[in-house]
>>> print(open('structure_1.cif').read())   # mmCIF, C-alpha atoms; chains and numbers go by the auth columns
data_work
#
loop_
_atom_site.group_PDB
_atom_site.id
_atom_site.type_symbol
_atom_site.label_atom_id
_atom_site.label_comp_id
_atom_site.label_asym_id
_atom_site.label_seq_id
_atom_site.Cartn_x
_atom_site.Cartn_y
_atom_site.Cartn_z
_atom_site.B_iso_or_equiv
_atom_site.auth_seq_id
_atom_site.auth_asym_id
ATOM 1 C CA MET A 1 -21.063 171.325 -26.216 0.00 4 A
ATOM 2 C CA VAL A 2 -22.480 167.888 -26.899 0.00 5 A
ATOM 3 C CA ILE A 3 -23.706 166.743 -30.322 0.00 6 A
ATOM 4 C CA LEU A 4 -25.881 163.643 -30.422 0.00 7 A
ATOM 5 C CA GLY A 5 -26.482 161.160 -33.229 0.00 8 A
ATOM 6 C CA THR A 6 -29.193 159.216 -31.440 0.00 9 A
ATOM 7 C CA PRO A 7 -31.900 157.456 -33.491 0.00 10 A
ATOM 8 C CA THR A 8 -35.024 157.863 -31.324 0.00 11 A
ATOM 9 C CA ALA A 9 -36.682 160.502 -29.160 0.00 12 A
ATOM 10 C CA GLU A 10 -36.306 158.278 -26.084 0.00 13 A
ATOM 11 C CA SER A 11 -32.572 157.722 -26.506 0.00 14 A
ATOM 12 C CA SER A 12 -32.062 161.384 -27.379 0.00 15 A
ATOM 13 C CA GLU A 13 -33.791 162.503 -24.206 0.00 16 A
ATOM 14 C CA LEU A 14 -31.822 159.994 -22.111 0.00 17 A
ATOM 15 C CA TYR A 15 -28.475 161.223 -23.466 0.00 18 A
ATOM 16 C CA ALA A 16 -29.509 164.872 -23.177 0.00 19 A
ATOM 17 C CA VAL A 17 -30.660 164.510 -19.568 0.00 20 A
ATOM 18 C CA THR A 18 -27.463 162.628 -18.655 0.00 21 A
ATOM 19 C CA MET A 19 -25.313 165.430 -20.116 0.00 22 A
ATOM 20 C CA THR A 20 -27.253 168.189 -18.355 0.00 23 A
ATOM 21 C CA GLU A 21 -29.002 167.010 -15.191 0.00 24 A
ATOM 22 C CA GLY A 22 -27.148 163.763 -14.516 0.00 25 A
ATOM 23 C CA ASP A 23 -27.904 160.099 -15.128 0.00 26 A
ATOM 24 C CA PRO A 24 -31.688 159.698 -14.692 0.00 27 A
ATOM 25 C CA SER A 25 -31.329 155.967 -14.044 0.00 28 A
ATOM 26 C CA TRP A 26 -28.890 156.645 -11.185 0.00 29 A
ATOM 27 C CA ALA A 27 -26.873 153.648 -12.428 0.00 30 A
ATOM 28 C CA GLY A 28 -23.811 155.324 -13.941 0.00 31 A
ATOM 29 C CA ALA A 29 -20.948 157.597 -12.962 0.00 32 A
ATOM 30 C CA LEU A 30 -22.970 160.731 -13.773 0.00 33 A
ATOM 31 C CA ALA A 31 -25.741 159.951 -11.274 0.00 34 A
ATOM 32 C CA GLY A 32 -26.456 163.177 -9.407 0.00 35 A
ATOM 33 C CA THR A 33 -23.890 165.101 -11.474 0.00 36 A
ATOM 34 C CA ALA A 34 -25.472 168.035 -13.279 0.00 37 A
ATOM 35 C CA LEU A 35 -22.959 169.001 -15.972 0.00 38 A
ATOM 36 C CA GLY A 36 -25.316 171.492 -17.626 0.00 39 A
ATOM 37 C CA LEU A 37 -23.631 171.069 -21.008 0.00 40 A
ATOM 38 C CA PRO A 38 -25.373 172.528 -24.058 0.00 41 A
ATOM 39 C CA VAL A 39 -26.790 169.551 -25.961 0.00 42 A
ATOM 40 C CA PHE A 40 -27.838 169.450 -29.605 0.00 43 A
ATOM 41 C CA HIS A 41 -28.879 166.738 -32.023 0.00 44 A
ATOM 42 C CA VAL A 42 -26.714 166.758 -35.134 0.00 45 A
ATOM 43 C CA THR A 43 -29.787 167.275 -37.324 0.00 46 A
ATOM 44 C CA GLU A 44 -30.919 170.436 -35.530 0.00 47 A
ATOM 45 C CA ASP A 45 -30.600 173.668 -37.500 0.00 48 A
ATOM 46 C CA GLU A 46 -28.180 175.124 -34.929 0.00 49 A
ATOM 47 C CA VAL A 47 -25.640 172.461 -35.912 0.00 50 A
ATOM 48 C CA LYS A 48 -26.676 171.773 -39.501 0.00 51 A
ATOM 49 C CA ASN A 49 -26.412 175.420 -40.538 0.00 52 A
ATOM 50 C CA GLY A 50 -22.921 175.732 -39.070 0.00 53 A
ATOM 51 C CA VAL A 51 -21.247 172.898 -40.964 0.00 54 A
ATOM 52 C CA ASN A 52 -20.192 172.176 -44.531 0.00 55 A
ATOM 53 C CA LYS A 53 -23.357 171.242 -46.449 0.00 56 A
ATOM 54 C CA GLU A 54 -21.734 168.708 -48.804 0.00 57 A
ATOM 55 C CA LEU A 55 -19.920 166.954 -45.974 0.00 58 A
ATOM 56 C CA TYR A 56 -23.122 166.924 -43.912 0.00 59 A
ATOM 57 C CA GLU A 57 -25.036 165.331 -46.769 0.00 60 A
ATOM 58 C CA SER A 58 -22.416 162.633 -47.273 0.00 61 A
ATOM 59 C CA GLU A 59 -22.009 161.803 -43.571 0.00 62 A
ATOM 60 C CA VAL A 60 -25.500 162.355 -42.167 0.00 63 A
ATOM 61 C CA GLY A 61 -27.851 162.688 -45.149 0.00 64 A
ATOM 62 C CA VAL A 62 -28.852 159.045 -45.540 0.00 65 A
ATOM 63 C CA ALA A 63 -29.415 158.414 -41.823 0.00 66 A
ATOM 64 C CA GLU A 64 -31.361 161.653 -41.591 0.00 67 A
ATOM 65 C CA MET A 65 -33.904 160.384 -44.120 0.00 68 A
ATOM 66 C CA VAL A 66 -34.989 157.454 -41.946 0.00 69 A
ATOM 67 C CA LEU A 67 -35.119 159.208 -38.561 0.00 70 A
ATOM 68 C CA ASP A 68 -38.213 160.808 -37.067 0.00 71 A
ATOM 69 C CA LEU A 69 -36.557 164.205 -36.830 0.00 72 A
ATOM 70 C CA PRO A 70 -39.332 166.411 -35.382 0.00 73 A
ATOM 71 C CA VAL A 71 -39.792 164.276 -32.256 0.00 74 A
ATOM 72 C CA ILE A 72 -36.043 163.720 -31.792 0.00 75 A
ATOM 73 C CA GLN A 73 -35.286 167.418 -32.135 0.00 76 A
ATOM 74 C CA GLU A 74 -38.146 168.393 -29.835 0.00 77 A
ATOM 75 C CA ALA A 75 -36.946 165.949 -27.158 0.00 78 A
ATOM 76 C CA VAL A 76 -33.407 167.401 -27.181 0.00 79 A
ATOM 77 C CA LYS A 77 -34.609 170.992 -27.383 0.00 80 A
ATOM 78 C CA LYS A 78 -36.908 170.520 -24.397 0.00 81 A
ATOM 79 C CA VAL A 79 -34.064 169.266 -22.197 0.00 82 A
ATOM 80 C CA ARG A 80 -31.646 171.919 -23.485 0.00 83 A
ATOM 81 C CA GLU A 81 -34.015 174.774 -22.741 0.00 84 A
ATOM 82 C CA ARG A 82 -34.682 173.381 -19.281 0.00 85 A
ATOM 83 C CA SER A 83 -31.173 172.502 -18.135 0.00 86 A
ATOM 84 C CA SER A 84 -28.322 173.531 -20.442 0.00 87 A
ATOM 85 C CA THR A 85 -26.088 176.521 -19.978 0.00 88 A
ATOM 86 C CA PRO A 86 -26.189 178.771 -23.063 0.00 89 A
ATOM 87 C CA VAL A 87 -23.473 178.297 -25.689 0.00 90 A
ATOM 88 C CA ALA A 88 -20.759 180.931 -25.218 0.00 91 A
ATOM 89 C CA MET B 1 -24.323 178.416 -34.923 0.00 3 B
ATOM 90 C CA ASP B 2 -20.604 178.879 -35.546 0.00 4 B
ATOM 91 C CA LEU B 3 -18.761 175.792 -34.312 0.00 5 B
ATOM 92 C CA LYS B 4 -15.309 177.310 -34.780 0.00 6 B
ATOM 93 C CA GLY B 5 -13.265 177.028 -31.589 0.00 7 B
ATOM 94 C CA LYS B 6 -15.996 175.116 -29.729 0.00 8 B
ATOM 95 C CA ARG B 7 -15.115 171.968 -27.820 0.00 9 B
ATOM 96 C CA VAL B 8 -17.387 169.154 -28.908 0.00 10 B
ATOM 97 C CA ILE B 9 -18.348 165.811 -27.401 0.00 11 B
ATOM 98 C CA ALA B 10 -19.696 163.666 -30.261 0.00 12 B
ATOM 99 C CA LEU B 11 -22.004 160.934 -28.982 0.00 13 B
ATOM 100 C CA GLY B 12 -23.085 158.772 -31.875 0.00 14 B
ATOM 101 C CA GLU B 13 -25.116 155.612 -32.031 0.00 15 B
ATOM 102 C CA ARG B 14 -24.808 152.720 -34.415 0.00 16 B
ATOM 103 C CA ASP B 15 -28.507 152.759 -35.315 0.00 17 B
ATOM 104 C CA GLY B 16 -28.502 156.523 -35.804 0.00 18 B
ATOM 105 C CA ILE B 17 -25.578 158.725 -36.786 0.00 19 B
ATOM 106 C CA GLN B 18 -22.110 157.411 -35.968 0.00 20 B
ATOM 107 C CA GLY B 19 -19.785 159.338 -33.702 0.00 21 B
ATOM 108 C CA ASP B 20 -17.073 159.581 -36.345 0.00 22 B
ATOM 109 C CA ALA B 21 -19.513 161.198 -38.794 0.00 23 B
ATOM 110 C CA ILE B 22 -20.392 163.836 -36.185 0.00 24 B
ATOM 111 C CA GLY B 23 -16.721 164.300 -35.364 0.00 25 B
ATOM 112 C CA LYS B 24 -15.829 164.719 -39.016 0.00 26 B
ATOM 113 C CA ILE B 25 -18.352 167.468 -39.725 0.00 27 B
ATOM 114 C CA ALA B 26 -17.594 169.244 -36.435 0.00 28 B
ATOM 115 C CA THR B 27 -13.841 169.176 -37.098 0.00 29 B
ATOM 116 C CA ALA B 28 -14.370 170.472 -40.634 0.00 30 B
ATOM 117 C CA ALA B 29 -16.366 173.355 -39.146 0.00 31 B
ATOM 118 C CA GLY B 30 -13.422 174.308 -36.923 0.00 32 B
ATOM 119 C CA ALA B 31 -14.499 172.658 -33.672 0.00 33 B
ATOM 120 C CA GLU B 32 -12.175 170.729 -31.396 0.00 34 B
ATOM 121 C CA VAL B 33 -13.591 167.237 -30.873 0.00 35 B
ATOM 122 C CA VAL B 34 -12.546 166.196 -27.355 0.00 36 B
ATOM 123 C CA LEU B 35 -14.503 162.935 -27.233 0.00 37 B
ATOM 124 C CA GLN B 36 -15.983 160.861 -30.025 0.00 38 B
ATOM 125 C CA VAL B 37 -17.814 157.609 -29.412 0.00 39 B
ATOM 126 C CA THR B 38 -20.354 155.398 -31.143 0.00 40 B
ATOM 127 C CA HIS B 39 -22.545 153.387 -28.837 0.00 41 B
ATOM 128 C CA CYS B 40 -24.151 150.103 -29.815 0.00 42 B
ATOM 129 C CA PHE B 41 -27.016 148.631 -27.840 0.00 43 B
ATOM 130 C CA VAL B 42 -27.616 145.479 -29.874 0.00 44 B
#
>>> encode(input="structure_1.cif", output="structure tokens")
Amino acid sequence: MVILGTPTAESSELYAVTMTEGDPSWAGALAGTALGLPVFHVTEDEVKNGVNKELYESEVGVAEMVLDLPVIQEAVKKVRERSSTPVA
Amino acid sequence: MDLKGKRVIALGERDGIQGDAIGKIATAAGAEVVLQVTHCFV
């Protein structure tokens, strides 16, 4: 699985699409390569609820406060539901 | 989600959350981090 730490909805979607459907810009090595990997943003509940809370707060907590989480999470979720294989 | 035993690619960004921070929390949760990078687009 892929865990992203991207700061905007646009960059999150770009990374998520590259890891699932292939490079959308057709400029890199993953052009036309659909890996279908399950992609999550580190702030999504699926990840956040599975890790140590104190460690999460110390490593991610401050950055989390300044990011626009709802739009970032929605962007990643949309791509994941469209193109990722389910997590085993 | 239980990360134990999962293989994780941690793609961080300098202006967001760094790859090593993602790797650290994933490793602590029992995941195997197979790739950890922090991109910088400045």
>>> interface_residues(input="structure_1.cif", of="chain B", to="chain A", cutoff="9 Å", atoms="only C-alpha atoms", output="MDAnalysis selection string")
chainID B and resid 3:6 8:21 23:28 30:32 40
>>> atom_distance(input="structure_1.cif", atom1="atom CA of A:Leu33", atom2="atom CA of A:Ala19")
12.2 Å
>>> atom_distance(input="structure_1.cif", atom1="atom CA of A:Asp26", atom2="atom CA of B:Glu34")
25.0 Å
>>> atom_distance(input="structure_1.cif", atom1="atom CA of A:Thr88", atom2="atom CA of A:Met22")
11.1 Å
>>> residues_around(input="structure_1.cif", residues="A:Ala37", least_positions_apart="6", cutoff="6 Å", atoms="all atoms listed in the file", output="PyMOL selection string")
chain A and resi 23-25
